[in-house]
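For reference, the structure is listed below as structure tokens.
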Amino acid sequence: MVDHYTIFEQDNHIWIGESSYDPAFEAKTESLFALCNGNIGIRSVSMLPSLYGKRGLYASGLFHQAHPSEVTELVNCPDPVECRVTADGIKLSPDSPWLESYRREFCPDTAELRFSMIFGLPGKRRLEVRETRLVSFANARLILQKISLKSLAGDFERLELTSLLNGQSMNEGVSHFSEVICRVYDREVMHLEARLEEETLSLMQICCGNREEDGPPLYALFRRGISEQTALSLKEGEERIFLRCSSLMVRKRREDNIYEQREELKDAARKGFDFLQEKHRYFLRMHQKRCEYRIEGATLEERAILSFARYHLLGMMPWNRTDCSIASKGLTGEGYRGHVFWDTEIFILPFFSLHFAEQSRNLLIYRYHGLAGAREKAEQFRYQGAMYPWESAADGREETPRYAALNIHTGKANPVWSGLKEHHVGADIVYAIRQYVDETGDRSFLKEYGYEMVFEIAAFWVSRAVWDPDRKQRVILDIIGPDEYTEHIDNNAYTNYMAAFCVKLALEYLKEAEKEAPDICRRLKTEQQKTGWEQFLREIYLPVPNEDGIIPQDDTFLGKEELPDIRKYREAPVRQTVLRDYSRKQIEEMQVLKQADTVMLLNMFPTLFTPEVVKKNVRYYEARTIHDSSLSYCAHALACAAIGEKKLAWKYFQNSLHIDLNDRAPDSVDGIHGAAMGGIWNCMEQGFAGISFSGGVLSVNPHLPDHWKSVEVTLQVQGKPVLVKVTHTEVEVTTPTTEGDELAVAVGGTQAVLKDHLNLPL
Ligand code: IFM
């Protein structure tokens with residue numbers, strides 16, 4: 001149960017709210033309630049600036065390196081939502097002593113945010129300042145604010161409402177703009193242009209709601225910004241409403257026309273808030289229809305967080321683009337500098353595969369564009385093929401910072417080894433390619449992009465493994481697997497199996513590729529590589545369960561001491577407290593995991609080991625995992641659901657639900673955890689409802705929690721909507737259209753063909 005946030009329903013929509021202003025939660029809530037439409041994301045900062053906020057507006061794929069000593073990061077764009085209000089000379093802000101009440105509420109169903117602040121001012125006067133805000137799903141560059149000023153008691157002689165376009169925005173003290181130029185068009189459109197090396201940001205705004213008696217608005221320039229001020233008076237009970245329309249465009253080329261942007265904005269302002277809100281809701285609804293869900297028996301909080309996860313997934317997808325991907329924090333904050341990790345392919349992509357396969361394709365094409373960078377990295381480290389970066393930004397170059405957290409023992413910054421040694425990301429990309437192709441049968445993707453990536457990543461693994469004369473096998477040394485508390489280890493089981501998977505798939509695909517894409521095969525000299533791939537598969541060392549049935553996470557893991565007081569760290573309200581007591585080196589010498597590692601392998605290849613071995617390993621590794629990464633609980637929930645450990649599955653699912661929406665103020669201040677959002681959805685859909693789709697067969701093997709009576713989800717399978725309803729006793733599958741290929745459905749041991757409706761007992 002979450003205390004800090006209240007959850008309620010209004011007009012058939014779920015709302016999540018804060019009912020007081022708490023500086024400690026300011027930055028966290030800004031991330032949680034961030035408004036994102038996949039193109040832009042804006043943190044839910046109050047329009048009246050607060051001392052504790054972290055203001056941020058981000059555009060998908062807009063990265064920049066401010067200085068050669070800095071890493072490339074997602075740019076914090078100029079702020080279009082800031083407003084200042086003074087009431088007869090008194091400056092209003094959530095931090096002011098005049099604040100009487102405060103509410104910030106967010107609706108994940110309509111992607112709307114609303115604020116209400118009441119200020120009790122001298123002379124027993126009370127002023128309410130309200131705002132409804134949305135980032136349009138209908139027009140990807142539009143931000144709307146409906147602002148209301150209302151006198152609840154007393155008269156106000158002079159209220160000043162000042163709207164700003166503020167180019168002083170920075171990424172934690174670093175400005176990215178070489179120049180900021182502002183002006184006004186036609187005495188109504190404020191314009192700010194912020195220059196980066198290659199792109200220019202064009203931010204425009206129109207404020208409507210002025211009356212003649214207010215006099216003309218006053219425009220003014222300030223350093224790196226422009227403002228528009230309206231002065232008005234308000235009698236007791238009177239309310240004035242203003243509309244602010246802003247539009248953000250990233251100009252990469254001269255053809256990105258600001259004239260068009262201006263006309264579009266004027267048109268939006270003319271149409272008014274209600275019309276634009278309707279349109280926004282309609283477009284969002286279109287997306288939601290492809291991932292509709294209903295759970296009978298779920299609590300309001302469970303439904304709220306599932307909707308919250310779905311909203312964030314929809315909000316982080318750069319719709320219909322292939323030049324960028326999804327950052328680990330989506331567009332909600334600057335954590336991990338907006339970089340893209342394996343989170344996207346392994347935790348987030350499955351949601352899109354089952355509902356928006358064409359968008360999964362785009363995410364994979366983004367990786368294709370990164371091939372050149374991945375090849376360069378491989379060359380730099382003297383490997384073959386493509387070595388994908390652990391963290392990426394605009395292209396395939398490695399972006400992992402070299403140093404991060406402090407080493408308490410040396411007093412110096414710890415090097416970040418994952419950029420150098422965590423290599424499984426390439427294999428994760430191949431895994432996602434296979435999943436996408438299995439689900440869609442999209443051979444054109446393979447011909448244009450997939451074959452080349454798979455062959456190049458396979459070539460990397462072949463060159464990465466070395467011959468071990470003692471084992472008489474090929475081994476992968478000095479590596480980091482998914483568990484980042486275990487650095488510099490040899491033969492991480494997850495990595496070795498994934499490497500073998502890549503090479504095996506490359507050989508499988510090669511047969512088709514020779515016919516379908518002979519020029520790629522020629523260019524990559526696959527004929528010559530083939531024998532090396534076959535030899536690799538014969539020789540690669542794949543760890544097997546020991547006499548106790550435990551698969552060694554790496555060569556030395558099972559021989560290490562256990563962390564004596566693991567409970568303390570598992571139960572700590574703050575993550576990674578183990579690093580306060582132990583150095584990285586000490587942790588490496590212990591059987592302690594930051595996050596799911598071998599369990600990931602079991603989730604991704606459920607039939608690789610016997611059910612008995614799977615059970616043993618899930619239990620063994622869970623007992624040694626602190627879950628200090630947001631990726632961990634959902635992986636364990638999935639694993640436990642798969643082995644029928646319903647209670648544990650539920651416990652870890654609950655923990656995943658509360659990764660972001662919790663009472664821990666320091667969590668999520670730098671953005672929500674994108675992988676956890678995907679993980680929550682995957683647990684519900686794949687874990688509990690047991691849905692998967694592969695090789696043209698939709699399989700449903702549910703493990704519903706006891707108190708959920710049924711789960712209904714709408715999937716988009718091979719281009720047609722398919723509704724799956726799962727109860728404790730049966731599975732129903734329905735499609736409103738008989739067009740397209742017939743769909744095979746497997747429930748337990750029974751297989752049937754879906755025409756329009758199927759009902760299969762469990
Ligand atoms: O990709 C993850 C990694 O597995 C654990 N640390 C955080 C990264 C980004 O979410």
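Each chain in the structure tokens gets a letter, A, B and so on, in the order shown; residues start at 1 in every chain, and ligands are counted from 1 in the order they appear.
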>> Would you pick out the contacts of stretch 479-489 of chain A at 6 Å or less, using only C-alpha atoms, so that residues sharing its chain but fewer than 2 positions from it are not included, and give the list as a list of chain:residue names?
In response: A:Lys421, A:Glu422, A:Leu477, A:Asn492, A:Glu588, A:Leu593, A:Lys594, A:Gln595, A:Asp597
>> So that I can see what lies close to stretch 606-612 of chain A, please list as a PyMOL selection string the residues with an atom at most 12 Å from it, counting only C-alpha atoms and leaving out residues fewer than 4 positions away in the same chain.
In response: chain A and resi 494+497-498+501+542-545+548-551+598-602+616-619+638-644
>> Taking only C-alpha atoms and all ligand atoms and a cut-off of 10 Å, can you tell me which residues surround ligand 1, written as a ChimeraX atom specification?
In response: /A:327-329,335-336,338-344,346-347,390-391,418,422,425,481-485,594-597,628-632,672-676
Residues as selected, C-alpha atoms, written as a PDB file, in the first residue's frame, can you do that?
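Generated output (selection-v4.pdb):
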```
ATOM      1  CA  ALA A 327      16.027   5.565 -22.613  1.00  0.00           C
ATOM      2  CA  SER A 328      16.103   3.633 -19.364  1.00  0.00           C
ATOM      3  CA  LYS A 329      14.154   6.508 -17.774  1.00  0.00           C
ATOM      4  CA  GLY A 335      19.079   9.462 -14.907  1.00  0.00           C
ATOM      5  CA  TYR A 336      21.707   7.496 -16.819  1.00  0.00           C
ATOM      6  CA  GLY A 338      19.012   9.443 -21.145  1.00  0.00           C
ATOM      7  CA  HIS A 339      20.991   6.482 -22.454  1.00  0.00           C
ATOM      8  CA  VAL A 340      19.617   3.296 -23.962  1.00  0.00           C
ATOM      9  CA  PHE A 341      20.451  -0.077 -22.337  1.00  0.00           C
ATOM     10  CA  TRP A 342      19.444  -3.726 -22.769  1.00  0.00           C
ATOM     11  CA  ASP A 343      16.374  -2.662 -20.761  1.00  0.00           C
ATOM     12  CA  THR A 344      14.748  -1.755 -24.079  1.00  0.00           C
ATOM     13  CA  ILE A 346      14.622  -7.424 -22.978  1.00  0.00           C
ATOM     14  CA  PHE A 347      12.175  -5.672 -20.666  1.00  0.00           C
ATOM     15  CA  TRP A 390      26.571  -0.951 -23.038  1.00  0.00           C
ATOM     16  CA  GLU A 391      25.005   2.514 -23.065  1.00  0.00           C
ATOM     17  CA  SER A 418      30.157  -2.070 -17.570  1.00  0.00           C
ATOM     18  CA  GLU A 422      29.363  -5.889 -19.874  1.00  0.00           C
ATOM     19  CA  VAL A 425      23.730  -6.309 -24.813  1.00  0.00           C
ATOM     20  CA  GLY A 481      26.889 -10.563 -16.680  1.00  0.00           C
ATOM     21  CA  PRO A 482      23.548  -8.971 -15.828  1.00  0.00           C
ATOM     22  CA  ASP A 483      24.465  -9.028 -12.117  1.00  0.00           C
ATOM     23  CA  GLU A 484      26.595  -5.923 -11.835  1.00  0.00           C
ATOM     24  CA  TYR A 485      27.866  -6.740  -8.350  1.00  0.00           C
ATOM     25  CA  LYS A 594      22.510  -7.028  -7.302  1.00  0.00           C
ATOM     26  CA  GLN A 595      19.891  -8.343  -9.718  1.00  0.00           C
ATOM     27  CA  ALA A 596      18.578 -11.409 -11.494  1.00  0.00           C
ATOM     28  CA  ASP A 597      21.268 -13.059 -13.581  1.00  0.00           C
ATOM     29  CA  ASP A 628      19.282  -3.464  -5.853  1.00  0.00           C
ATOM     30  CA  SER A 629      18.324  -2.982  -9.488  1.00  0.00           C
ATOM     31  CA  SER A 630      14.824  -2.098 -10.637  1.00  0.00           C
ATOM     32  CA  LEU A 631      15.128  -4.901 -13.217  1.00  0.00           C
ATOM     33  CA  SER A 632      15.253  -7.622 -10.618  1.00  0.00           C
ATOM     34  CA  ILE A 672      10.949   6.459 -13.657  1.00  0.00           C
ATOM     35  CA  HIS A 673      12.345   2.985 -14.239  1.00  0.00           C
ATOM     36  CA  GLY A 674      11.393   2.062 -17.782  1.00  0.00           C
ATOM     37  CA  ALA A 675      12.413  -1.583 -17.510  1.00  0.00           C
ATOM     38  CA  ALA A 676      10.234  -1.998 -14.434  1.00  0.00           C
TER      39      ALA A 676
END
```
With only C-alpha atoms as the counted atoms, please give the residues lying no more than 12 Å from stretch 318-324 of chain A, apart from itself and same-chain residues fewer than 4 positions off, as a short mmCIF file (atom, residue, chain, number, x, y, z; two decimals) with N, CA and C atoms, in the first residue's frame.
```cif
data_model
loop_
_atom_site.label_atom_id
_atom_site.label_comp_id
_atom_site.auth_asym_id
_atom_site.auth_seq_id
_atom_site.Cartn_x
_atom_site.Cartn_y
_atom_site.Cartn_z
N CYS A 36 4.44 12.56 -21.15
CA CYS A 36 5.28 12.17 -22.28
C CYS A 36 4.39 11.63 -23.39
N ASN A 37 4.73 11.98 -24.61
CA ASN A 37 3.97 11.42 -25.75
C ASN A 37 4.87 10.67 -26.71
N GLY A 38 6.07 10.35 -26.27
CA GLY A 38 7.00 9.61 -27.12
C GLY A 38 7.91 10.52 -27.92
N ASN A 39 7.42 11.73 -28.20
CA ASN A 39 8.26 12.70 -28.90
C ASN A 39 8.89 13.66 -27.90
N ILE A 40 8.06 14.13 -26.97
CA ILE A 40 8.61 14.98 -25.91
C ILE A 40 8.11 14.50 -24.56
N GLY A 41 8.86 14.83 -23.54
CA GLY A 41 8.46 14.47 -22.18
C GLY A 41 8.78 15.64 -21.28
N TYR A 58 12.35 17.09 -22.35
CA TYR A 58 13.27 16.30 -23.17
C TYR A 58 12.60 15.94 -24.49
N ALA A 59 13.42 15.88 -25.53
CA ALA A 59 12.91 15.49 -26.85
C ALA A 59 13.59 14.18 -27.22
N SER A 60 12.79 13.22 -27.66
CA SER A 60 13.34 11.90 -28.00
C SER A 60 14.51 12.01 -28.96
N GLY A 61 15.59 11.38 -28.62
CA GLY A 61 16.74 11.32 -29.53
C GLY A 61 17.59 12.58 -29.57
N LEU A 62 17.23 13.59 -28.77
CA LEU A 62 18.02 14.82 -28.82
C LEU A 62 19.16 14.75 -27.81
N PHE A 63 20.31 14.34 -28.30
CA PHE A 63 21.49 14.18 -27.45
C PHE A 63 22.55 15.21 -27.82
N LEU A 74 20.99 13.32 -22.95
CA LEU A 74 19.69 13.82 -23.41
C LEU A 74 19.59 15.28 -22.95
N PHE A 137 -1.11 13.74 -27.48
CA PHE A 137 -0.87 12.52 -28.25
C PHE A 137 -1.35 12.71 -29.70
N ALA A 138 -2.06 13.83 -29.95
CA ALA A 138 -2.56 14.07 -31.30
C ALA A 138 -1.55 14.87 -32.12
N ASN A 139 -0.90 15.81 -31.47
CA ASN A 139 0.12 16.62 -32.16
C ASN A 139 1.39 16.52 -31.31
N ALA A 140 2.35 15.79 -31.84
CA ALA A 140 3.49 15.36 -31.01
C ALA A 140 4.34 16.48 -30.46
N HIS A 287 -4.28 4.24 -29.17
CA HIS A 287 -3.16 3.42 -28.71
C HIS A 287 -3.64 2.43 -27.65
N HIS A 312 3.23 4.93 -19.10
CA HIS A 312 4.64 5.27 -19.30
C HIS A 312 5.24 4.53 -20.50
N LEU A 313 4.78 3.31 -20.73
CA LEU A 313 5.29 2.58 -21.90
C LEU A 313 4.87 3.32 -23.19
N LEU A 314 3.61 3.74 -23.23
CA LEU A 314 3.15 4.46 -24.43
C LEU A 314 3.88 5.80 -24.56
N GLY A 330 12.96 6.58 -19.87
CA GLY A 330 12.00 7.15 -20.81
C GLY A 330 12.33 8.62 -21.02
N LEU A 331 11.29 9.47 -21.00
CA LEU A 331 11.53 10.91 -21.18
C LEU A 331 11.18 11.64 -19.89
N GLY A 338 19.93 9.68 -20.02
CA GLY A 338 19.01 9.44 -21.14
C GLY A 338 19.48 8.33 -22.06
N HIS A 339 20.42 7.51 -21.57
CA HIS A 339 20.99 6.48 -22.45
C HIS A 339 20.10 5.24 -22.58
N VAL A 340 20.38 4.50 -23.64
CA VAL A 340 19.62 3.30 -23.96
C VAL A 340 20.44 2.08 -23.54
N THR A 344 15.70 -1.94 -22.98
CA THR A 344 14.75 -1.75 -24.08
C THR A 344 14.41 -3.09 -24.74
N PHE A 352 5.67 -4.10 -26.57
CA PHE A 352 5.37 -3.59 -27.91
C PHE A 352 5.18 -4.74 -28.90
N PHE A 356 2.20 -3.66 -30.54
CA PHE A 356 2.58 -2.68 -31.57
C PHE A 356 3.83 -3.19 -32.27
N ALA A 357 3.70 -4.31 -32.96
CA ALA A 357 4.90 -4.96 -33.51
C ALA A 357 5.68 -4.03 -34.44
N GLU A 358 4.97 -3.14 -35.13
CA GLU A 358 5.68 -2.25 -36.07
C GLU A 358 6.62 -1.31 -35.30
N GLN A 359 6.28 -1.03 -34.04
CA GLN A 359 7.17 -0.16 -33.26
C GLN A 359 8.39 -0.94 -32.77
N SER A 360 8.20 -2.25 -32.50
CA SER A 360 9.35 -3.08 -32.12
C SER A 360 10.35 -3.07 -33.27
N ARG A 361 9.81 -3.17 -34.46
CA ARG A 361 10.66 -3.16 -35.65
C ARG A 361 11.51 -1.88 -35.67
N ASN A 362 10.85 -0.75 -35.38
CA ASN A 362 11.58 0.52 -35.39
C ASN A 362 12.70 0.54 -34.35
N LEU A 363 12.39 -0.02 -33.17
CA LEU A 363 13.43 -0.03 -32.11
C LEU A 363 14.63 -0.85 -32.58
N LEU A 364 14.35 -1.92 -33.31
CA LEU A 364 15.46 -2.76 -33.78
C LEU A 364 16.22 -2.07 -34.92
N ILE A 365 15.52 -1.30 -35.72
CA ILE A 365 16.21 -0.57 -36.79
C ILE A 365 17.16 0.48 -36.18
N TYR A 366 16.73 1.06 -35.07
CA TYR A 366 17.64 1.99 -34.36
C TYR A 366 18.97 1.29 -34.06
N ARG A 367 18.90 0.03 -33.66
CA ARG A 367 20.12 -0.70 -33.37
C ARG A 367 20.91 -0.94 -34.66
N TYR A 368 20.18 -1.12 -35.75
CA TYR A 368 20.88 -1.31 -37.02
C TYR A 368 21.69 -0.05 -37.35
N HIS A 369 21.09 1.11 -37.10
CA HIS A 369 21.83 2.35 -37.36
C HIS A 369 23.08 2.44 -36.48
N GLY A 370 23.09 1.69 -35.40
CA GLY A 370 24.25 1.72 -34.50
C GLY A 370 25.35 0.74 -34.88
N SER A 392 23.97 3.49 -25.02
CA SER A 392 24.07 4.26 -26.27
C SER A 392 23.15 5.46 -26.27
N ALA A 393 23.45 6.38 -27.18
CA ALA A 393 22.66 7.61 -27.27
C ALA A 393 22.16 7.74 -28.71
N ALA A 394 22.71 8.69 -29.45
CA ALA A 394 22.18 8.93 -30.79
C ALA A 394 22.66 7.90 -31.80
N ASP A 395 23.84 7.35 -31.60
CA ASP A 395 24.34 6.38 -32.57
C ASP A 395 24.91 5.18 -31.80
N GLY A 396 25.69 4.36 -32.48
CA GLY A 396 26.14 3.13 -31.84
C GLY A 396 27.41 3.27 -31.02
#
```
> Can you list, as a list in words, every protein, DNA or RNA residue that comes within 8 Å of A:Ala269 when you count only C-alpha atoms, leaving out same-chain residues fewer than 6 positions away?
Replying inline: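 The neighbour list is Ile206, Cys208, Leu243, Arg244 and Cys245 of chain A.
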Store the residues of this selection in a file with N, CA and C atoms, as a PDB file, in the first residue's frame.
```pdb
ATOM      1  N   ILE A 206       1.983  30.679 -27.465  1.00  0.00           N
ATOM      2  CA  ILE A 206       0.929  31.701 -27.517  1.00  0.00           C
ATOM      3  C   ILE A 206       0.158  31.624 -26.208  1.00  0.00           C
ATOM      4  N   CYS A 208      -3.351  32.886 -24.485  1.00  0.00           N
ATOM      5  CA  CYS A 208      -4.640  33.505 -24.796  1.00  0.00           C
ATOM      6  C   CYS A 208      -5.411  33.713 -23.492  1.00  0.00           C
ATOM      7  N   LEU A 243      -5.135  30.248 -21.623  1.00  0.00           N
ATOM      8  CA  LEU A 243      -4.633  29.057 -22.307  1.00  0.00           C
ATOM      9  C   LEU A 243      -3.221  29.352 -22.802  1.00  0.00           C
ATOM     10  N   ARG A 244      -2.299  28.455 -22.478  1.00  0.00           N
ATOM     11  CA  ARG A 244      -0.927  28.578 -23.018  1.00  0.00           C
ATOM     12  C   ARG A 244      -0.694  27.386 -23.936  1.00  0.00           C
ATOM     13  N   CYS A 245      -0.415  27.685 -25.186  1.00  0.00           N
ATOM     14  CA  CYS A 245      -0.063  26.609 -26.129  1.00  0.00           C
ATOM     15  C   CYS A 245       1.409  26.766 -26.446  1.00  0.00           C
TER      16      CYS A 245
END
```
>> I'd like the contact shell of stretch 89-97 of chain A - 7 Å cut-off, only C-alpha atoms, skipping same-chain residues fewer than 3 positions apart - returned as JSON, numbers by chain.
In response: {"A": [21, 48, 49, 50, 51, 85, 86]}
> Would you give me, as a PyMOL selection string, the residues in stretch 246-295 of chain A that DSSP reads as helix (DSSP H, G or I)?
Replying inline: chain A and resi 258-271+273-289
>> Given only C-alpha atoms as the basis, pick out the residue of A:Cys107, A:Leu99, A:Val71, A:Met1 nearest to A:Glu399.
In response: A:Val71
> Within 8 Å of A:Val503, counting only C-alpha atoms, which residues qualify if same-chain residues fewer than 6 places away don't, as a VMD selection string?
Replying inline: chain A and resid 455 458 to 459 461 to 462 533 536 to 537
> Using only C-alpha atoms, which residues sit within 8 Å of A:Val430 once same-chain residues fewer than 5 positions away are excluded, as a ChimeraX atom specification?
Replying inline: /A:453-454,457,502
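Across the model, the gap from atom CA of A:Ser668 to atom CA of A:Glu131 is 23.9 Å.
Take atom CA of A:Phe381 and atom CA of A:Ala465: the distance between them is 13.2 Å.
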>> Calculated over only C-alpha atoms, which of the candidates A:Glu739, A:Lys28, A:Lys266, A:Val81 has the smallest distance to A:Ile659?
In response: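 Selected residue with least distance to A:Ile659: A:Lys28.
Take the candidates A:Thr526, A:Ser116, A:Ser233, A:Ser656 and check each one against A:Gly17 using only C-alpha atoms; the shortest distance goes to A:Ser116.
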>> Ranking A:Lys150, A:His191, A:Arg141, A:Arg281 by minimum distance to A:Ser247 and counting only C-alpha atoms, which one comes first?
In response: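 The answer is A:Arg141, which sits nearest to A:Ser247.
Candidate residues A:Gly696, A:Pro518, A:Pro78, A:Gly419 were compared for distance to A:Phe177, and the nearest is A:Pro78, using only C-alpha atoms.
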